[in-house]
$ cat final33.cif   # mmCIF, C-alpha atoms
data_work
#
loop_
_atom_site.label_atom_id
_atom_site.label_comp_id
_atom_site.auth_asym_id
_atom_site.auth_seq_id
_atom_site.Cartn_x
_atom_site.Cartn_y
_atom_site.Cartn_z
CA MET A 1 -50.12 -13.45 57.93
CA SER A 2 -50.02 -11.86 54.50
CA SER A 3 -50.99 -13.83 51.41
CA SER A 4 -47.44 -13.54 50.10
CA ALA A 5 -46.04 -15.03 53.29
CA SER A 6 -48.35 -18.06 53.02
CA LYS A 7 -47.13 -19.00 49.56
CA PRO A 8 -44.53 -21.79 49.33
CA ALA A 9 -41.04 -20.69 48.33
CA LEU A 10 -40.48 -20.90 44.59
CA LYS A 11 -37.99 -23.51 43.55
CA LYS A 12 -34.96 -22.05 41.82
CA SER A 13 -34.95 -22.93 38.15
CA GLU A 14 -31.36 -24.12 38.43
CA ASP A 15 -32.55 -26.82 40.82
CA ILE A 16 -35.25 -28.21 38.51
CA LYS A 17 -34.41 -31.59 37.03
CA VAL A 18 -36.35 -33.43 34.36
CA PHE A 19 -35.77 -37.16 34.03
CA ILE A 20 -36.28 -39.28 30.92
CA SER A 21 -37.88 -42.33 32.51
CA HIS A 22 -36.51 -45.75 31.64
CA ARG A 23 -39.69 -47.54 32.74
CA ASP A 24 -43.45 -47.07 32.49
CA SER A 25 -44.48 -43.89 34.26
CA LYS A 26 -47.67 -42.19 35.36
CA CYS A 27 -48.25 -38.59 36.36
CA ASP A 28 -49.22 -38.57 40.03
CA GLU A 29 -51.18 -35.33 39.61
CA CYS A 30 -53.28 -35.76 36.45
CA GLY A 31 -53.16 -39.57 36.39
CA GLU A 32 -51.98 -39.71 32.77
CA GLN A 33 -50.20 -42.91 31.77
CA LEU A 34 -46.98 -41.65 30.26
CA GLY A 35 -45.36 -44.90 29.16
CA ARG A 36 -41.63 -45.47 28.78
CA LYS A 37 -39.15 -42.69 28.04
CA ALA A 38 -41.54 -40.14 29.47
CA TRP A 39 -40.17 -36.78 30.56
CA ILE A 40 -41.05 -36.29 34.20
CA THR A 41 -40.00 -34.21 37.16
CA LEU A 42 -40.09 -35.33 40.75
CA GLU A 43 -41.70 -32.99 43.26
CA GLU A 44 -41.63 -33.54 46.98
CA GLY A 45 -45.02 -34.62 48.27
CA LYS A 46 -46.48 -35.00 44.77
CA GLY A 47 -44.36 -37.73 43.21
CA ALA A 48 -43.77 -37.83 39.47
CA LEU A 49 -45.29 -35.05 37.38
CA CYS A 50 -45.62 -34.74 33.63
CA LEU A 51 -44.22 -31.57 32.14
CA ALA A 52 -47.71 -30.07 31.74
CA CYS A 53 -48.53 -30.48 35.42
CA ALA A 54 -45.08 -29.20 36.37
CA ASP A 55 -45.64 -26.09 34.18
CA LEU A 56 -42.57 -26.93 32.11
CA ASP A 57 -44.33 -27.88 28.88
CA ASP A 58 -43.79 -24.46 27.29
CA LEU A 59 -40.03 -24.87 27.42
CA ILE A 60 -37.91 -25.85 24.41
CA PHE A 61 -35.39 -28.68 24.54
CA LEU A 62 -31.80 -27.72 23.79
CA PRO A 63 -29.57 -30.82 23.54
CA THR A 64 -25.98 -30.82 24.75
CA GLY A 65 -23.20 -30.23 22.25
CA ASP A 66 -22.89 -26.46 21.95
CA ALA A 67 -21.49 -25.09 25.20
CA ALA A 68 -21.74 -21.43 24.20
CA LEU A 69 -25.35 -21.74 23.06
CA THR A 70 -26.28 -23.66 26.21
CA ARG A 71 -24.63 -21.13 28.50
CA ARG A 72 -26.31 -18.18 26.85
CA ALA A 73 -29.73 -19.81 26.67
CA ARG A 74 -29.51 -20.64 30.37
CA LYS A 75 -28.54 -17.05 31.14
CA HIS A 76 -31.46 -15.56 29.22
CA SER A 77 -34.08 -18.07 30.41
CA VAL A 78 -35.90 -17.12 33.60
CA LEU A 79 -37.11 -20.70 33.88
CA SER A 80 -35.04 -23.67 32.83
CA ALA A 81 -34.50 -27.30 33.72
CA VAL A 82 -31.72 -29.84 33.31
CA VAL A 83 -32.72 -32.98 31.38
CA LEU A 84 -31.18 -36.21 32.68
CA LYS A 85 -31.24 -39.82 31.49
CA PHE A 86 -30.03 -42.88 33.32
CA SER A 87 -27.10 -44.70 31.73
CA LYS A 88 -27.08 -48.39 32.58
CA ALA A 89 -23.54 -48.73 31.27
CA ARG A 90 -22.20 -46.05 33.61
CA GLY A 91 -24.68 -46.56 36.42
CA ARG A 92 -25.57 -42.88 36.72
CA TYR A 93 -27.79 -40.13 35.35
CA GLU A 94 -26.20 -38.16 32.53
CA ARG A 95 -27.09 -34.72 31.25
CA GLN A 96 -28.91 -34.68 27.92
CA GLY A 97 -29.52 -30.96 27.61
CA LEU A 98 -31.65 -28.12 28.91
CA LEU A 99 -35.26 -27.06 28.74
CA VAL A 100 -35.31 -23.30 28.19
CA GLU A 101 -37.73 -20.59 27.17
CA GLU A 102 -38.08 -20.22 23.41
CA LYS A 103 -37.36 -16.48 23.57
CA ALA A 104 -34.17 -17.19 25.49
CA LEU A 105 -33.05 -19.73 22.90
CA ASP A 106 -33.74 -17.21 20.12
CA GLU A 107 -31.58 -14.61 21.88
CA ALA A 108 -28.81 -17.12 22.50
CA GLU A 109 -28.80 -18.24 18.86
CA ALA A 110 -28.62 -14.62 17.68
CA GLU A 111 -25.60 -13.98 19.92
CA CYS A 112 -23.83 -17.12 18.70
CA MET A 113 -24.47 -16.15 15.07
CA ALA A 114 -22.89 -12.77 15.78
CA ASP A 115 -19.91 -14.60 17.25
CA ALA A 116 -19.64 -16.71 14.11
CA ASP A 117 -19.53 -13.54 12.00
CA ALA A 118 -16.85 -12.12 14.29
CA ARG A 119 -14.80 -15.31 14.00
CA ALA A 120 -15.06 -15.15 10.22
CA ARG A 121 -13.86 -11.53 10.21
CA ARG A 122 -11.02 -12.45 12.57
CA ALA A 123 -9.98 -15.29 10.27
CA ASP A 124 -9.95 -12.87 7.33
CA ARG A 125 -7.75 -10.47 9.25
CA GLN A 126 -5.41 -13.30 10.20
CA ARG A 127 -5.08 -14.33 6.56
CA ASP A 128 -4.29 -10.73 5.65
CA ARG A 129 -1.64 -10.56 8.37
CA GLN A 130 -0.02 -13.77 7.21
CA ALA A 131 0.04 -12.52 3.62
CA ASP A 132 1.76 -9.38 4.85
CA LEU A 133 4.72 -11.33 6.24
CA ASP A 134 7.91 -12.58 4.71
CA ARG A 135 7.87 -15.99 6.40
CA HIS A 136 11.57 -16.74 5.93
CA TYR A 137 12.57 -13.36 7.31
CA VAL A 138 10.23 -13.77 10.29
CA GLU A 139 11.65 -17.21 11.03
CA GLU A 140 15.22 -15.89 10.97
CA PHE A 141 14.31 -12.89 13.13
CA ALA A 142 12.55 -15.19 15.63
CA LYS A 143 15.61 -17.44 15.71
CA ARG A 144 17.78 -14.42 16.53
CA VAL A 145 15.40 -13.40 19.33
CA ARG A 146 15.65 -16.88 20.83
CA GLU A 147 19.46 -16.78 20.60
CA LEU A 148 19.67 -13.48 22.46
CA PHE A 149 16.83 -14.19 24.90
CA PRO A 150 16.84 -17.96 25.55
CA GLY A 151 14.59 -17.53 28.58
CA CYS A 152 11.67 -15.87 26.82
CA PRO A 153 8.42 -17.88 27.04
CA SER A 154 7.65 -20.44 24.37
CA GLU A 155 6.46 -19.01 21.04
CA ARG A 156 7.06 -15.43 22.16
CA GLU A 157 9.96 -15.09 19.74
CA VAL A 158 7.54 -15.76 16.87
CA GLN A 159 5.03 -13.21 18.19
CA ILE A 160 7.80 -10.61 18.54
CA ALA A 161 9.14 -11.30 15.06
CA GLU A 162 5.72 -11.22 13.39
CA HIS A 163 4.84 -7.94 15.06
CA ALA A 164 8.17 -6.29 14.36
CA CYS A 165 8.55 -7.47 10.77
CA ARG A 166 5.20 -6.55 9.27
CA LYS A 167 5.69 -5.23 5.74
CA TYR A 168 5.08 -1.52 5.24
CA SER A 169 4.67 -1.11 9.01
CA GLY A 170 7.62 1.15 9.73
CA ARG A 171 8.27 -1.11 12.72
CA ILE A 172 11.65 -2.00 14.14
CA GLY A 173 12.02 -5.22 12.22
CA ARG A 174 11.82 -3.46 8.87
CA SER A 175 14.95 -1.38 9.49
CA ALA A 176 18.22 -2.13 7.73
CA ALA A 177 19.82 -3.01 11.05
CA ALA A 178 17.10 -5.48 11.84
CA LYS A 179 17.39 -7.08 8.42
CA SER A 180 20.99 -7.90 9.30
CA PHE A 181 19.71 -9.20 12.66
CA ASP A 182 21.70 -6.58 14.54
CA GLU A 183 21.55 -7.21 18.28
CA ALA A 184 20.51 -3.62 19.12
CA ALA A 185 17.59 -3.75 16.68
CA VAL A 186 16.41 -7.09 18.06
CA LEU A 187 16.68 -5.69 21.59
CA LEU A 188 14.42 -2.80 20.61
CA ALA A 189 11.80 -5.20 19.27
CA VAL A 190 11.90 -7.38 22.39
CA THR A 191 11.80 -4.35 24.68
CA ALA A 192 8.72 -3.02 22.90
CA HIS A 193 7.03 -6.40 23.30
CA VAL A 194 7.85 -6.59 27.00
CA ARG A 195 6.65 -3.04 27.56
CA HIS A 196 3.22 -3.81 26.13
CA ARG A 197 2.80 -7.40 27.24
CA GLU A 198 4.50 -7.62 30.63
CA THR A 199 3.75 -4.25 32.23
CA ASN A 200 0.85 -1.84 32.74
CA TYR A 201 2.29 0.55 30.18
CA ASP A 202 -0.84 0.53 28.01
CA GLU A 203 -3.01 1.27 31.06
CA LEU A 204 -0.87 4.31 31.86
CA LEU A 205 -1.26 5.59 28.32
CA ALA A 206 -5.01 5.07 28.55
CA LYS A 207 -4.95 7.25 31.67
CA GLU A 208 -3.29 9.95 29.54
CA TRP A 209 0.18 9.65 31.00
CA ASP A 210 2.91 11.26 28.97
CA ARG A 211 4.58 8.51 26.93
CA LEU A 212 8.09 9.19 28.26
CA GLU A 213 6.87 9.42 31.85
CA ALA A 214 4.99 6.15 31.40
CA ARG A 215 8.12 4.48 30.08
CA ALA A 216 10.14 5.78 33.01
CA GLN A 217 7.51 4.41 35.38
CA ILE A 218 7.79 0.86 34.06
CA ARG A 219 11.46 0.87 33.04
CA HIS A 220 12.66 -1.10 36.09
CA HIS A 221 10.11 -3.84 35.45
CA VAL A 222 11.06 -4.01 31.77
CA ASP A 223 14.75 -4.32 32.66
CA GLU A 224 14.03 -7.13 35.12
CA VAL A 225 12.09 -9.10 32.50
CA LEU A 226 14.78 -8.60 29.88
CA ARG A 227 17.49 -9.78 32.28
CA SER A 228 15.52 -12.89 33.18
CA TRP A 229 14.92 -13.71 29.51
CA GLN A 230 18.61 -13.22 28.73
CA ARG A 231 19.69 -15.56 31.51
CA GLY A 232 17.54 -18.39 30.20
#
$ encode --input "final33.cif" --output "structure tokens"
Amino acid sequence: MSSSASKPALKKSEDIKVFISHRDSKCDECGEQLGRKAWITLEEGKGALCLACADLDDLIFLPTGDAALTRRARKHSVLSAVVLKFSKARGRYERQGLLVEEKALDEAEAECMADADARARRADRQRDRQADLDRHYVEEFAKRVRELFPGCPSEREVQIAEHACRKYSGRIGRSAAAKSFDEAAVLLAVTAHVRHRETNYDELLAKEWDRLEARAQIRHHVDEVLRSWQRG
């Protein structure tokens, strides 16, 4: 038998559990008295082990509270362990956080900071978009969309109006007809929305379909959606 075959199977890191003891504990391998609230892991045939004996003492504790950070740290950490503590009030063990590799936590924190920057930029763009809208006009345009298409999904009329009525955009909602809430102009705005949101039109364009051929391909689907929205 080869030496590799004689080795015990490695325990998957996702299976490792570390318990915060609620009574006096002792490591059954090194004999260290750990006292109350010790962090131990239970290993079959060896009993309770301190983190040093379980080779988990190099890991960093990441408490619960930030789901994105926890998920990413777990993904980057080759070795990790779930930390559990018994709740007398609830009569069960509850998750306190994760033990993860320090390098993995550093990578996860860097990713989350990048996300925070992205969210800040997105918020700036949203403020710019809102400043570029005539709110009263958008509200009236949205109301007209809802009148003509009572069956359109909730809040879609606002999305359609905001997209169509952007200042300086050259979009449908900026035309003279649209400003008088002409039915044909509103129909054009709703049709454009349906084309992009309810069909694979954008995918066809990405595959370098001719625009008119792509529209012909999805026209039946667009008409069906429009009819259903008109019926309410």
$ closest_residue --input "final33.cif" --among "A:Lys85, A:Arg92, A:Arg195, A:Arg71" --to "Trp39 of chain A" --atoms "all atoms listed in the file"
A:Lys85
$ closest_residue --input "final33.cif" --among "A:Glu109, A:Asp223, A:Glu101, A:Glu139" --to "Leu59 of chain A" --atoms "all atoms listed in the file"
A:Glu101
$ closest_residue --input "final33.cif" --among "A:Ser154, A:Thr64, A:Gln217, A:Ser77" --to "Thr199 of chain A" --atoms "all atoms listed in the file"
A:Gln217
$ resolve_selection --input "final33.cif" --expression "the PyMOL selection byres ((chain A and resi 83) around 9)" --output "list in words"
Ile16, Lys17, Val18, Phe19, Ile20, Trp39, Phe61, Pro63, Ala81, Val82, Leu84, Lys85, Glu94, Arg95, Gln96, Gly97, Leu98 and Leu99 of chain A
$ closest_residue --input "final33.cif" --among "A:Ile218, A:Ala89, A:Leu212, A:Leu56" --to "His196 of chain A" --atoms "only C-alpha atoms"
A:Ile218
$ atom_distance --input "final33.cif" --atom1 "atom CA of Arg219 of chain A" --atom2 "atom CA of Val194 of chain A"
10.3 Å
$ residues_around --input "final33.cif" --residues "Glu157 of chain A" --least-positions-apart "6" --cutoff "10 Å" --atoms "all atoms listed in the file" --output "ChimeraX atom specification"
/A:138-139,141-147,149-150,163,190,193
$ write_last_selection --input "final33.cif" --atoms "C-alpha atoms" --output "PDB file, in the coordinates of the input"
ATOM      1  CA  VAL A 138      10.230 -13.770  10.290  1.00  0.00           C
ATOM      2  CA  GLU A 139      11.650 -17.210  11.030  1.00  0.00           C
ATOM      3  CA  PHE A 141      14.310 -12.890  13.130  1.00  0.00           C
ATOM      4  CA  ALA A 142      12.550 -15.190  15.630  1.00  0.00           C
ATOM      5  CA  LYS A 143      15.610 -17.440  15.710  1.00  0.00           C
ATOM      6  CA  ARG A 144      17.780 -14.420  16.530  1.00  0.00           C
ATOM      7  CA  VAL A 145      15.400 -13.400  19.330  1.00  0.00           C
ATOM      8  CA  ARG A 146      15.650 -16.880  20.830  1.00  0.00           C
ATOM      9  CA  GLU A 147      19.460 -16.780  20.600  1.00  0.00           C
ATOM     10  CA  PHE A 149      16.830 -14.190  24.900  1.00  0.00           C
ATOM     11  CA  PRO A 150      16.840 -17.960  25.550  1.00  0.00           C
ATOM     12  CA  HIS A 163       4.840  -7.940  15.060  1.00  0.00           C
ATOM     13  CA  VAL A 190      11.900  -7.380  22.390  1.00  0.00           C
ATOM     14  CA  HIS A 193       7.030  -6.400  23.300  1.00  0.00           C
TER      15      HIS A 193
END
$ axis_aligned_box --input "final33.cif" --around "segment 213-228 of chain A" --padding-each-side "5 Å" --output "AutoDock Vina command-line options"
--center_x 11.2 --center_y -1.7 --center_z 33.0 --size_x 22.5 --size_y 32.3 --size_z 16.2
$ atom_distance --input "final33.cif" --atom1 "atom CA of Tyr201 of chain A" --atom2 "atom CA of Arg215 of chain A"
7.0 Å
$ resolve_selection --input "final33.cif" --expression "the PyMOL selection byres ((chain A and resi 112) around 12)" --output "list in words"
Asp66, Ala67, Ala68, Leu69, Thr70, Arg71, Arg72, Ala73, Leu105, Asp106, Glu107, Ala108, Glu109, Ala110, Glu111, Met113, Ala114, Asp115, Ala116, Asp117, Ala118 and Arg119 of chain A
$ atom_distance --input "final33.cif" --atom1 "atom CA of Gln230 of chain A" --atom2 "atom CA of Cys152 of chain A"
7.7 Å
$ residues_around --input "final33.cif" --residues "Gln33 of chain A" --least-positions-apart "4" --cutoff "12 Å" --atoms "only C-alpha atoms" --output "count of residues only"
14
$ closest_residue --input "final33.cif" --among "A:Val100, A:Leu204, A:Val78, A:Leu42" --to "Asp58 of chain A" --atoms "all atoms listed in the file"
A:Val100
$ closest_residue --input "final33.cif" --among "A:Asp57, A:Glu198, A:Ala185, A:Arg211" --to "Leu226 of chain A" --atoms "all atoms listed in the file"
A:Glu198
